[in-house]
$ cat query30.cif   # mmCIF, C-alpha atoms; chains and numbers go by the auth columns
data_final
#
loop_
_atom_site.group_PDB
_atom_site.id
_atom_site.type_symbol
_atom_site.label_atom_id
_atom_site.label_comp_id
_atom_site.label_asym_id
_atom_site.label_seq_id
_atom_site.Cartn_x
_atom_site.Cartn_y
_atom_site.Cartn_z
_atom_site.B_iso_or_equiv
_atom_site.auth_seq_id
_atom_site.auth_asym_id
ATOM 1 C CA MET A 1 12.235 -3.655 -11.452 0.00 1380 Y
ATOM 2 C CA PRO A 2 9.197 -3.830 -9.091 0.00 1381 Y
ATOM 3 C CA VAL A 3 11.505 -5.273 -6.391 0.00 1382 Y
ATOM 4 C CA ALA A 4 13.822 -2.261 -6.607 0.00 1383 Y
ATOM 5 C CA ILE A 5 10.898 0.168 -6.539 0.00 1384 Y
ATOM 6 C CA ALA A 6 9.165 -1.460 -3.561 0.00 1385 Y
ATOM 7 C CA GLY A 7 12.421 -2.135 -1.702 0.00 1386 Y
ATOM 8 C CA THR A 8 13.608 1.454 -2.009 0.00 1387 Y
ATOM 9 C CA ALA A 9 10.195 2.725 -0.916 0.00 1388 Y
ATOM 10 C CA ALA A 10 10.249 0.442 2.146 0.00 1389 Y
ATOM 11 C CA VAL A 11 13.704 1.699 3.151 0.00 1390 Y
ATOM 12 C CA MET A 12 12.554 5.317 2.729 0.00 1391 Y
ATOM 13 C CA ASP A 13 9.444 4.654 4.814 0.00 1392 Y
ATOM 14 C CA LEU A 14 11.387 2.945 7.592 0.00 1393 Y
ATOM 15 C CA ARG A 15 13.934 5.773 7.719 0.00 1394 Y
ATOM 16 C CA SER A 16 11.726 8.841 7.390 0.00 1395 Y
ATOM 17 C CA MET A 17 8.096 7.647 7.811 0.00 1396 Y
ATOM 18 C CA GLN A 18 7.285 8.558 4.198 0.00 1397 Y
ATOM 19 C CA VAL A 19 8.000 7.597 0.611 0.00 1398 Y
ATOM 20 C CA ASP A 20 9.606 10.422 -1.323 0.00 1399 Y
ATOM 21 C CA ASN A 21 7.397 11.820 -4.099 0.00 1400 Y
ATOM 22 C CA GLY A 22 10.440 12.114 -6.341 0.00 1401 Y
ATOM 23 C CA TRP A 23 10.925 8.349 -6.091 0.00 1402 Y
ATOM 24 C CA ILE A 24 7.259 7.754 -6.884 0.00 1403 Y
ATOM 25 C CA LEU A 25 7.463 10.054 -9.920 0.00 1404 Y
ATOM 26 C CA PHE A 26 10.631 8.324 -11.127 0.00 1405 Y
ATOM 27 C CA SER A 27 8.946 4.941 -10.643 0.00 1406 Y
ATOM 28 C CA LEU A 28 5.836 6.049 -12.552 0.00 1407 Y
ATOM 29 C CA LEU A 29 7.932 7.363 -15.439 0.00 1408 Y
ATOM 30 C CA THR A 30 9.923 4.133 -15.448 0.00 1409 Y
ATOM 31 C CA GLY A 31 6.721 2.097 -15.568 0.00 1410 Y
ATOM 32 C CA MET A 32 5.352 4.176 -18.415 0.00 1411 Y
ATOM 33 C CA THR A 33 8.606 3.804 -20.356 0.00 1412 Y
ATOM 34 C CA VAL A 34 8.720 0.047 -19.799 0.00 1413 Y
ATOM 35 C CA GLN A 35 5.124 -0.434 -20.953 0.00 1414 Y
ATOM 36 C CA VAL A 36 5.570 1.738 -24.060 0.00 1415 Y
ATOM 37 C CA MET A 37 8.798 -0.079 -24.979 0.00 1416 Y
ATOM 38 C CA LYS A 38 7.074 -3.433 -24.453 0.00 1417 Y
ATOM 39 C CA HIS A 39 3.710 -2.763 -26.143 0.00 1418 Y
ATOM 40 C CA GLY A 40 4.206 0.372 -28.244 0.00 1419 Y
ATOM 41 C CA MET A 41 1.600 3.098 -27.767 0.00 1420 Y
ATOM 42 C CA ALA A 42 -0.848 0.455 -26.491 0.00 1421 Y
ATOM 43 C CA GLY A 43 1.484 0.305 -23.492 0.00 1422 Y
ATOM 44 C CA MET A 44 0.091 3.658 -22.376 0.00 1423 Y
ATOM 45 C CA GLY A 45 -3.278 1.978 -21.784 0.00 1424 Y
ATOM 46 C CA VAL A 46 -1.612 -0.859 -19.877 0.00 1425 Y
ATOM 47 C CA PHE A 47 0.323 1.667 -17.798 0.00 1426 Y
ATOM 48 C CA LEU A 48 -2.630 3.968 -17.110 0.00 1427 Y
ATOM 49 C CA SER A 49 -5.032 1.176 -16.163 0.00 1428 Y
ATOM 50 C CA GLY A 50 -2.443 -0.467 -13.905 0.00 1429 Y
ATOM 51 C CA ALA A 51 -1.566 2.845 -12.253 0.00 1430 Y
ATOM 52 C CA ALA A 52 -5.180 3.992 -11.816 0.00 1431 Y
ATOM 53 C CA PHE A 53 -6.568 0.735 -10.427 0.00 1432 Y
ATOM 54 C CA PRO A 54 -4.889 0.951 -6.979 0.00 1433 Y
ATOM 55 C CA PHE A 55 -6.011 4.548 -6.563 0.00 1434 Y
ATOM 56 C CA LEU A 56 -9.617 3.724 -7.358 0.00 1435 Y
ATOM 57 C CA LEU A 57 -9.590 0.580 -5.225 0.00 1436 Y
ATOM 58 C CA LEU A 58 -7.882 2.045 -2.153 0.00 1437 Y
ATOM 59 C CA ALA A 59 -9.225 5.620 -2.053 0.00 1438 Y
ATOM 60 C CA VAL A 60 -11.774 4.740 0.645 0.00 1439 Y
ATOM 61 C CA LEU A 61 -9.040 3.460 2.960 0.00 1440 Y
ATOM 62 C CA PHE A 62 -7.174 6.718 2.469 0.00 1441 Y
ATOM 63 C CA CYS A 63 -10.287 8.761 3.281 0.00 1442 Y
ATOM 64 C CA PHE A 64 -10.484 7.009 6.649 0.00 1443 Y
ATOM 65 C CA ARG A 65 -6.700 7.416 7.085 0.00 1444 Y
ATOM 66 C CA MET A 66 -6.338 3.650 7.316 0.00 1445 Y
ATOM 67 C CA LEU A 67 -3.770 3.679 4.513 0.00 1446 Y
ATOM 68 C CA GLY A 68 -1.258 6.415 3.840 0.00 1447 Y
ATOM 69 C CA PRO A 69 -0.890 8.328 0.594 0.00 1448 Y
ATOM 70 C CA GLY A 70 2.627 6.975 0.094 0.00 1449 Y
ATOM 71 C CA ASP A 71 1.320 3.400 0.163 0.00 1450 Y
ATOM 72 C CA ILE A 72 -1.316 4.176 -2.465 0.00 1451 Y
ATOM 73 C CA LYS A 73 1.162 6.039 -4.664 0.00 1452 Y
ATOM 74 C CA LEU A 74 3.566 3.102 -4.371 0.00 1453 Y
ATOM 75 C CA PHE A 75 0.825 0.705 -5.479 0.00 1454 Y
ATOM 76 C CA CYS A 76 0.057 3.037 -8.409 0.00 1455 Y
ATOM 77 C CA ALA A 77 3.712 3.054 -9.491 0.00 1456 Y
ATOM 78 C CA LEU A 78 3.901 -0.727 -9.175 0.00 1457 Y
ATOM 79 C CA GLY A 79 0.610 -1.101 -11.029 0.00 1458 Y
ATOM 80 C CA GLY A 80 2.004 0.881 -13.927 0.00 1459 Y
ATOM 81 C CA ILE A 81 4.772 -1.685 -14.308 0.00 1460 Y
ATOM 82 C CA MET A 82 2.969 -4.866 -13.253 0.00 1461 Y
ATOM 83 C CA GLY A 83 -0.354 -4.197 -14.980 0.00 1462 Y
ATOM 84 C CA ILE A 84 -3.876 -4.252 -13.592 0.00 1463 Y
ATOM 85 C CA HIS A 85 -4.133 -8.027 -13.136 0.00 1464 Y
ATOM 86 C CA ASP A 86 -0.875 -8.481 -11.215 0.00 1465 Y
ATOM 87 C CA ILE A 87 -1.242 -5.335 -9.110 0.00 1466 Y
ATOM 88 C CA GLY A 88 -4.624 -6.631 -7.947 0.00 1467 Y
ATOM 89 C CA LYS A 89 -2.928 -9.801 -6.728 0.00 1468 Y
ATOM 90 C CA CYS A 90 -0.094 -7.764 -5.220 0.00 1469 Y
ATOM 91 C CA ILE A 91 -2.563 -5.643 -3.239 0.00 1470 Y
ATOM 92 C CA LEU A 92 -4.375 -8.734 -1.974 0.00 1471 Y
ATOM 93 C CA VAL A 93 -1.153 -10.490 -0.936 0.00 1472 Y
ATOM 94 C CA SER A 94 0.133 -7.262 0.680 0.00 1473 Y
ATOM 95 C CA PHE A 95 -3.002 -6.992 2.808 0.00 1474 Y
ATOM 96 C CA LEU A 96 -2.794 -10.664 3.802 0.00 1475 Y
ATOM 97 C CA LEU A 97 0.870 -10.304 4.784 0.00 1476 Y
ATOM 98 C CA GLY A 98 0.170 -7.001 6.530 0.00 1477 Y
ATOM 99 C CA GLY A 99 -2.646 -8.637 8.500 0.00 1478 Y
ATOM 100 C CA ILE A 100 -0.414 -11.501 9.577 0.00 1479 Y
ATOM 101 C CA ILE A 101 2.387 -9.137 10.626 0.00 1480 Y
ATOM 102 C CA SER A 102 -0.053 -6.831 12.446 0.00 1481 Y
ATOM 103 C CA LEU A 103 -1.675 -9.724 14.256 0.00 1482 Y
ATOM 104 C CA ALA A 104 1.718 -11.003 15.388 0.00 1483 Y
ATOM 105 C CA ILE A 105 2.720 -7.544 16.632 0.00 1484 Y
ATOM 106 C CA LEU A 106 -0.561 -6.956 18.473 0.00 1485 Y
ATOM 107 C CA ILE A 107 -0.538 -10.381 20.121 0.00 1486 Y
ATOM 108 C CA SER A 108 3.126 -10.190 21.122 0.00 1487 Y
ATOM 109 C CA ALA A 109 2.608 -6.701 22.570 0.00 1488 Y
ATOM 110 C CA GLY A 110 -0.510 -7.841 24.446 0.00 1489 Y
ATOM 111 C CA VAL A 111 -2.746 -5.151 22.929 0.00 1490 Y
ATOM 112 C CA PHE A 112 -4.879 -7.199 20.528 0.00 1491 Y
ATOM 113 C CA CYS A 113 -8.145 -6.871 22.477 0.00 1492 Y
ATOM 114 C CA ARG A 114 -7.605 -3.162 23.109 0.00 1493 Y
ATOM 115 C CA ARG A 115 -7.025 -2.570 19.388 0.00 1494 Y
ATOM 116 C CA ILE A 116 -10.175 -4.485 18.410 0.00 1495 Y
ATOM 117 C CA ARG A 117 -12.162 -2.380 20.884 0.00 1496 Y
ATOM 118 C CA PHE A 118 -10.690 0.772 19.313 0.00 1497 Y
ATOM 119 C CA LEU A 119 -11.702 -0.438 15.821 0.00 1498 Y
ATOM 120 C CA ILE A 120 -15.276 -1.129 16.951 0.00 1499 Y
ATOM 121 C CA SER A 121 -15.458 2.215 18.748 0.00 1500 Y
ATOM 122 C CA TYR A 122 -14.077 3.995 15.676 0.00 1501 Y
ATOM 123 C CA PHE A 123 -16.807 2.604 13.403 0.00 1502 Y
ATOM 124 C CA GLN A 124 -19.531 3.188 15.985 0.00 1503 Y
ATOM 125 C CA ASP A 125 -18.433 6.811 16.237 0.00 1504 Y
ATOM 126 C CA TYR A 126 -18.395 7.190 12.442 0.00 1505 Y
ATOM 127 C CA PHE A 127 -21.860 5.658 11.990 0.00 1506 Y
ATOM 128 C CA HIS A 128 -23.234 7.768 14.843 0.00 1507 Y
ATOM 129 C CA THR A 129 -21.751 11.127 13.750 0.00 1508 Y
ATOM 130 C CA GLY A 130 -21.011 10.611 10.052 0.00 1509 Y
ATOM 131 C CA ILE A 131 -17.709 12.394 10.571 0.00 1510 Y
ATOM 132 C CA VAL A 132 -14.598 10.813 9.051 0.00 1511 Y
ATOM 133 C CA LYS A 133 -11.697 11.065 11.482 0.00 1512 Y
ATOM 134 C CA PRO A 134 -8.193 9.697 11.081 0.00 1513 Y
ATOM 135 C CA TYR A 135 -8.075 6.080 12.213 0.00 1514 Y
ATOM 136 C CA TYR A 136 -4.680 6.403 13.814 0.00 1515 Y
ATOM 137 C CA ARG A 137 -3.991 8.078 17.136 0.00 1516 Y
ATOM 138 C CA LYS A 138 -0.764 10.021 17.542 0.00 1517 Y
ATOM 139 C CA GLY A 139 1.434 8.935 20.393 0.00 1518 Y
ATOM 140 C CA MET A 140 -0.097 5.474 20.631 0.00 1519 Y
ATOM 141 C CA ALA A 141 2.423 2.640 20.716 0.00 1520 Y
ATOM 142 C CA LEU A 142 2.446 0.434 17.594 0.00 1521 Y
ATOM 143 C CA GLU A 143 0.386 3.009 15.716 0.00 1522 Y
ATOM 144 C CA ASN A 144 2.697 3.540 12.762 0.00 1523 Y
ATOM 145 C CA PHE A 145 2.760 0.302 10.840 0.00 1524 Y
ATOM 146 C CA HIS A 146 5.031 0.592 7.815 0.00 1525 Y
ATOM 147 C CA PHE A 147 2.778 -0.962 5.180 0.00 1526 Y
ATOM 148 C CA THR A 148 5.555 -0.642 2.609 0.00 1527 Y
ATOM 149 C CA VAL A 149 7.149 -3.694 4.253 0.00 1528 Y
ATOM 150 C CA PRO A 150 4.334 -6.146 3.373 0.00 1529 Y
ATOM 151 C CA VAL A 151 4.110 -4.476 -0.053 0.00 1530 Y
ATOM 152 C CA PHE A 152 7.810 -5.219 -0.563 0.00 1531 Y
ATOM 153 C CA LEU A 153 7.345 -8.807 0.650 0.00 1532 Y
ATOM 154 C CA SER A 154 4.417 -9.221 -1.746 0.00 1533 Y
ATOM 155 C CA VAL A 155 6.515 -7.925 -4.644 0.00 1534 Y
ATOM 156 C CA LEU A 156 9.269 -10.380 -3.696 0.00 1535 Y
ATOM 157 C CA LEU A 157 6.733 -13.216 -3.928 0.00 1536 Y
ATOM 158 C CA TYR A 158 5.608 -11.861 -7.307 0.00 1537 Y
ATOM 159 C CA ALA A 159 9.184 -11.672 -8.584 0.00 1538 Y
ATOM 160 C CA GLY A 160 9.799 -15.191 -7.297 0.00 1539 Y
ATOM 161 C CA GLY A 161 6.872 -16.492 -9.327 0.00 1540 Y
ATOM 162 C CA VAL A 162 4.635 -17.360 -6.369 0.00 1541 Y
ATOM 163 C CA TYR A 163 1.709 -15.513 -7.954 0.00 1542 Y
#

$ encode --input "query30.cif" --output "structure tokens"
Amino acid sequence: MPVAIAGTAAVMDLRSMQVDNGWILFSLLTGMTVQVMKHGMAGMGVFLSGAAFPFLLLAVLFCFRMLGPGDIKLFCALGGIMGIHDIGKCILVSFLLGGIISLAILISAGVFCRRIRFLISYFQDYFHTGIVKPYYRKGMALENFHFTVPVFLSVLLYAGGVY
């Protein structure tokens, strides 16, 4: 089930640059149902802790606009099904895969150094002014990285028993 949820979200993101809230709601309800069927009413605690953990962990990245709301909601839906322990691993593996993919894209496009300078400048500006600005810049090539893709790849590794 997590593969279908993450795969559908990745396709939505690639097609329309967002994950439909209706799909997230359906996925959350599915996760809640699965956990309650599996564990009885104790499944609500499993569901709620798994769904809340990604939100609490990743909220800072959203505040800096380094991670989109659809990505966090997808992690919450997956966490409801996978549970707190496995969603933690999924998030870690997703970030590792996302870093590898991003590095490959930046190096192949010849913009790695420019992007590192932008990152340093972004944090210098934040620490100097204290103002949180979106990390992305509209119109910049390679700016919209579809993080749902490494999330989907991570879920595939989970389903395959790698972690």

$ resolve_selection --input "query30.cif" --expression "the PyMOL selection byres ((chain Y and resi 1535) around 12)" --output "PyMOL selection string"
chain Y and resi 1380-1386+1469+1472-1473+1476+1528-1534+1536-1542

$ write_last_selection --input "query30.cif" --atoms "C-alpha atoms" --output "PDB file, keeping the file's coordinate frame"
ATOM      1  CA  MET Y1380      12.235  -3.655 -11.452  1.00  0.00           C
ATOM      2  CA  PRO Y1381       9.197  -3.830  -9.091  1.00  0.00           C
ATOM      3  CA  VAL Y1382      11.505  -5.273  -6.391  1.00  0.00           C
ATOM      4  CA  ALA Y1383      13.822  -2.261  -6.607  1.00  0.00           C
ATOM      5  CA  ILE Y1384      10.898   0.168  -6.539  1.00  0.00           C
ATOM      6  CA  ALA Y1385       9.165  -1.460  -3.561  1.00  0.00           C
ATOM      7  CA  GLY Y1386      12.421  -2.135  -1.702  1.00  0.00           C
ATOM      8  CA  CYS Y1469      -0.094  -7.764  -5.220  1.00  0.00           C
ATOM      9  CA  VAL Y1472      -1.153 -10.490  -0.936  1.00  0.00           C
ATOM     10  CA  SER Y1473       0.133  -7.262   0.680  1.00  0.00           C
ATOM     11  CA  LEU Y1476       0.870 -10.304   4.784  1.00  0.00           C
ATOM     12  CA  VAL Y1528       7.149  -3.694   4.253  1.00  0.00           C
ATOM     13  CA  PRO Y1529       4.334  -6.146   3.373  1.00  0.00           C
ATOM     14  CA  VAL Y1530       4.110  -4.476  -0.053  1.00  0.00           C
ATOM     15  CA  PHE Y1531       7.810  -5.219  -0.563  1.00  0.00           C
ATOM     16  CA  LEU Y1532       7.345  -8.807   0.650  1.00  0.00           C
ATOM     17  CA  SER Y1533       4.417  -9.221  -1.746  1.00  0.00           C
ATOM     18  CA  VAL Y1534       6.515  -7.925  -4.644  1.00  0.00           C
ATOM     19  CA  LEU Y1536       6.733 -13.216  -3.928  1.00  0.00           C
ATOM     20  CA  TYR Y1537       5.608 -11.861  -7.307  1.00  0.00           C
ATOM     21  CA  ALA Y1538       9.184 -11.672  -8.584  1.00  0.00           C
ATOM     22  CA  GLY Y1539       9.799 -15.191  -7.297  1.00  0.00           C
ATOM     23  CA  GLY Y1540       6.872 -16.492  -9.327  1.00  0.00           C
ATOM     24  CA  VAL Y1541       4.635 -17.360  -6.369  1.00  0.00           C
ATOM     25  CA  TYR Y1542       1.709 -15.513  -7.954  1.00  0.00           C
TER      26      TYR Y1542
END

$ atom_distance --input "query30.cif" --atom1 "atom CA of Ile1463 of chain Y" --atom2 "atom CA of Ile1479 of chain Y"
24.5 Å

$ resolve_selection --input "query30.cif" --expression "the PyMOL selection byres ((chain Y and resi 1447) around 12)" --output "PyMOL selection string"
chain Y and resi 1392+1396-1398+1434+1437-1446+1448-1454+1513-1515+1523-1527

$ atom_distance --input "query30.cif" --atom1 "atom CA of Ser1406 of chain Y" --atom2 "atom CA of Leu1457 of chain Y"
7.7 Å

$ resolve_selection --input "query30.cif" --expression "the PyMOL selection byres ((chain Y and resi 1491-1501) around 10)" --output "short mmCIF file (atom, residue, chain, number, x, y, z; two decimals) with C-alpha atoms, in the coordinates of the input"
data_model
loop_
_atom_site.label_atom_id
_atom_site.label_comp_id
_atom_site.auth_asym_id
_atom_site.auth_seq_id
_atom_site.Cartn_x
_atom_site.Cartn_y
_atom_site.Cartn_z
CA SER Y 1481 -0.05 -6.83 12.45
CA LEU Y 1482 -1.68 -9.72 14.26
CA ALA Y 1483 1.72 -11.00 15.39
CA ILE Y 1484 2.72 -7.54 16.63
CA LEU Y 1485 -0.56 -6.96 18.47
CA ILE Y 1486 -0.54 -10.38 20.12
CA SER Y 1487 3.13 -10.19 21.12
CA ALA Y 1488 2.61 -6.70 22.57
CA GLY Y 1489 -0.51 -7.84 24.45
CA VAL Y 1490 -2.75 -5.15 22.93
CA PHE Y 1502 -16.81 2.60 13.40
CA GLN Y 1503 -19.53 3.19 15.98
CA ASP Y 1504 -18.43 6.81 16.24
CA TYR Y 1505 -18.40 7.19 12.44
CA PHE Y 1506 -21.86 5.66 11.99
CA HIS Y 1507 -23.23 7.77 14.84
CA VAL Y 1511 -14.60 10.81 9.05
CA LYS Y 1512 -11.70 11.06 11.48
CA PRO Y 1513 -8.19 9.70 11.08
CA TYR Y 1514 -8.07 6.08 12.21
CA TYR Y 1515 -4.68 6.40 13.81
CA GLU Y 1522 0.39 3.01 15.72
#

$ atom_distance --input "query30.cif" --atom1 "atom CA of Pro1433 of chain Y" --atom2 "atom CA of Cys1455 of chain Y"
5.6 Å

$ residues_around --input "query30.cif" --residues "Leu1407 of chain Y" --least-positions-apart "4" --cutoff "10 Å" --atoms "all atoms listed in the file" --output "JSON, numbers by chain"
{"Y": [1384, 1401, 1402, 1403, 1411, 1412, 1413, 1426, 1427, 1430, 1452, 1453, 1455, 1456, 1457, 1458, 1459, 1460]}

$ axis_aligned_box --input "query30.cif" --around "segment 1469-1482 of chain Y" --padding-each-side "6 Å" --output "JSON"
{"center_x": -1.0, "center_y": -8.6, "center_z": 4.5, "size_x": 18.8, "size_y": 17.9, "size_z": 31.5}

$ closest_residue --input "query30.cif" --among "Y:Leu1393, Y:Ala1388, Y:Met1423, Y:Leu1436" --to "Ile1470 of chain Y" --atoms "only C-alpha atoms"
Y:Leu1436

$ decode --input "query30.cif" --residues "segment 1420-1505 of chain Y" --atoms "C-alpha atoms" --output "short mmCIF file (atom, residue, chain, number, x, y, z; two decimals), in the first residue's frame"
data_model
loop_
_atom_site.label_atom_id
_atom_site.label_comp_id
_atom_site.auth_asym_id
_atom_site.auth_seq_id
_atom_site.Cartn_x
_atom_site.Cartn_y
_atom_site.Cartn_z
CA MET Y 1420 -8.36 0.86 18.82
CA ALA Y 1421 -4.66 0.86 19.79
CA GLY Y 1422 -4.08 1.29 16.06
CA MET Y 1423 -5.26 4.88 16.39
CA GLY Y 1424 -2.19 5.62 18.51
CA VAL Y 1425 0.06 3.89 15.98
CA PHE Y 1426 -1.57 5.87 13.17
CA LEU Y 1427 -1.49 9.23 14.95
CA SER Y 1428 2.12 8.93 16.11
CA GLY Y 1429 3.27 7.79 12.66
CA ALA Y 1430 1.34 10.58 10.93
CA ALA Y 1431 2.42 13.32 13.37
CA PHE Y 1432 6.12 12.46 13.46
CA PRO Y 1433 6.98 13.69 9.92
CA PHE Y 1434 5.13 16.94 10.52
CA LEU Y 1435 6.99 17.64 13.74
CA LEU Y 1436 10.34 16.59 12.29
CA LEU Y 1437 10.08 18.47 8.99
CA ALA Y 1438 8.19 21.65 9.96
CA VAL Y 1439 11.41 23.70 10.08
CA LEU Y 1440 12.26 22.77 6.49
CA PHE Y 1441 8.80 23.90 5.44
CA CYS Y 1442 9.20 27.23 7.25
CA PHE Y 1443 12.29 27.92 5.16
CA ARG Y 1444 10.47 26.66 2.03
CA MET Y 1445 13.12 24.00 1.58
CA LEU Y 1446 10.45 21.29 1.51
CA GLY Y 1447 6.97 21.65 0.09
CA PRO Y 1448 3.75 21.05 1.98
CA GLY Y 1449 2.82 18.18 -0.34
CA ASP Y 1450 6.03 16.34 0.56
CA ILE Y 1451 5.34 16.70 4.29
CA LYS Y 1452 1.71 15.64 3.90
CA LEU Y 1453 2.85 12.62 1.88
CA PHE Y 1454 5.27 11.64 4.64
CA CYS Y 1455 2.44 12.04 7.18
CA ALA Y 1456 0.17 9.74 5.15
CA LEU Y 1457 2.95 7.19 4.77
CA GLY Y 1458 3.79 7.48 8.46
CA GLY Y 1459 0.22 6.63 9.35
CA ILE Y 1460 0.58 3.33 7.50
CA MET Y 1461 4.24 2.54 8.13
CA GLY Y 1462 4.41 3.63 11.77
CA ILE Y 1463 6.81 6.00 13.49
CA HIS Y 1464 9.88 3.74 13.35
CA ASP Y 1465 9.68 2.93 9.64
CA ILE Y 1466 8.69 6.44 8.55
CA GLY Y 1467 11.79 7.76 10.30
CA LYS Y 1468 13.91 5.41 8.20
CA CYS Y 1469 11.91 6.32 5.09
CA ILE Y 1470 12.57 10.03 5.65
CA LEU Y 1471 16.28 9.41 6.15
CA VAL Y 1472 16.58 7.24 3.03
CA SER Y 1473 14.51 9.76 1.02
CA PHE Y 1474 16.87 12.57 1.97
CA LEU Y 1475 19.93 10.46 1.13
CA LEU Y 1476 18.47 9.52 -2.27
CA GLY Y 1477 17.33 13.09 -2.87
CA GLY Y 1478 20.84 14.35 -2.07
CA ILE Y 1479 22.41 11.89 -4.49
CA ILE Y 1480 19.96 12.78 -7.26
CA SER Y 1481 20.38 16.52 -6.61
CA LEU Y 1482 24.15 16.25 -6.62
CA ALA Y 1483 24.08 14.38 -9.92
CA ILE Y 1484 21.77 16.99 -11.47
CA LEU Y 1485 23.83 19.94 -10.22
CA ILE Y 1486 27.13 18.44 -11.36
CA SER Y 1487 25.81 17.39 -14.76
CA ALA Y 1488 24.30 20.85 -15.31
CA GLY Y 1489 27.54 22.54 -14.22
CA VAL Y 1490 25.86 24.64 -11.51
CA PHE Y 1491 27.08 22.92 -8.34
CA CYS Y 1492 29.37 25.74 -7.18
CA ARG Y 1493 26.79 28.41 -7.97
CA ARG Y 1494 24.16 26.53 -5.94
CA ILE Y 1495 26.50 26.15 -2.95
CA ARG Y 1496 27.19 29.89 -3.08
CA PHE Y 1497 23.43 30.54 -3.11
CA LEU Y 1498 22.96 28.28 -0.06
CA ILE Y 1499 25.70 30.10 1.87
CA SER Y 1500 24.32 33.48 0.85
CA TYR Y 1501 20.81 32.41 1.86
CA PHE Y 1502 21.90 31.49 5.40
CA GLN Y 1503 24.08 34.58 5.74
CA ASP Y 1504 21.10 36.72 4.78
CA TYR Y 1505 18.85 34.91 7.26
#
